[in-house]
Every structure is written in C-alpha cells, then in structure tokens.
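J.: What follows is a single structure, and I will ask about it in a moment.
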Amino acid sequence: MNPSQTVPCATCGTPSEFFAKPVGPFCSDRCQLVDLGRWFAEDYRISEPLRPDHFEAFEDWDGTPRRDPDAQR
Ligand SMILES: [Zn+2]
C-alpha cells in the first residue's frame with residue numbers, strides 16, 4: 001500500500017494524502033464535519049416514519065434499562 005497515495009476529498013474533491021492526516025478521505029477536518037453533518041441530515045430524512053409497532057417492545061417497559069425483555073418475567 002502506497003503511504004503517499006492521494007485521494008479526492010469526499011466533500012470538495014481536493015486531492016489530499018489519505019494517510020497523511022487523521023481526517024480520512026477529507027482535505028481538512030472542516031470538510032469532514034461538513035460530510036458528517038450531511039450524512040446525518042440525509043440519514044434522518046430518509047429514515048422510515050415511526051409506526052405504532054416500533055413501540056411494541058416498549059409497551060411494558062418500566063423505564064429501567066434491561067438487556068433481555070423476557071428475563072424478568
Ligand atoms: Zn475538502
């Protein structure tokens with residue numbers, strides 16, 4: 001693997017050394033944040049609408065954290 005390999009920034013397309021920085025395929029931490037914010041925004045937007053059956057698992061939940069819903073029955 002070539003340590004000096006350059007890749008286009010995932011946000012602005014500016015070529016940068018992938019392994020030279022801790023920000024991954026981005027030219028700067030700012031572009032990393034931009035991409036992250038965009039990813040979150042799109043993720044929330046395309047997520048399916050909540051349906052009643054999404055809450056079935058919480059119907060008898062008393063508010064305390066538990067790993068196995070059937071363990072206390
Ligand atoms: Zn960039």
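Residues are named by chain letter and number: chains run A, B, ... in the order of the structure tokens, numbers start at 1 in each chain, and ligands are numbered from 1 in the order shown.
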Could you tell me, counting only C-alpha atoms and all ligand atoms, which protein and nucleic acid residues lie no more than 9 Å from ligand 1, written as a VMD selection string?
T.: chain A and resid 8 to 16 25 to 32 34
J.: Just to confirm, what's the straight-line distance from CA of Arg38 in chain A to CA of Pro22 in chain A in Å (one decimal)?
T.: 19.6 Å
J.: What does the distance from CA of Asp35 in chain A to CA of Thr6 in chain A come to in Å, to one decimal?
T.: 18.5 Å
J.: Which distance in Å separates CA of Leu33 in chain A and CA of Glu17 in chain A, to one decimal?
T.: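 That distance, rounded to one decimal, is 17.7 Å.
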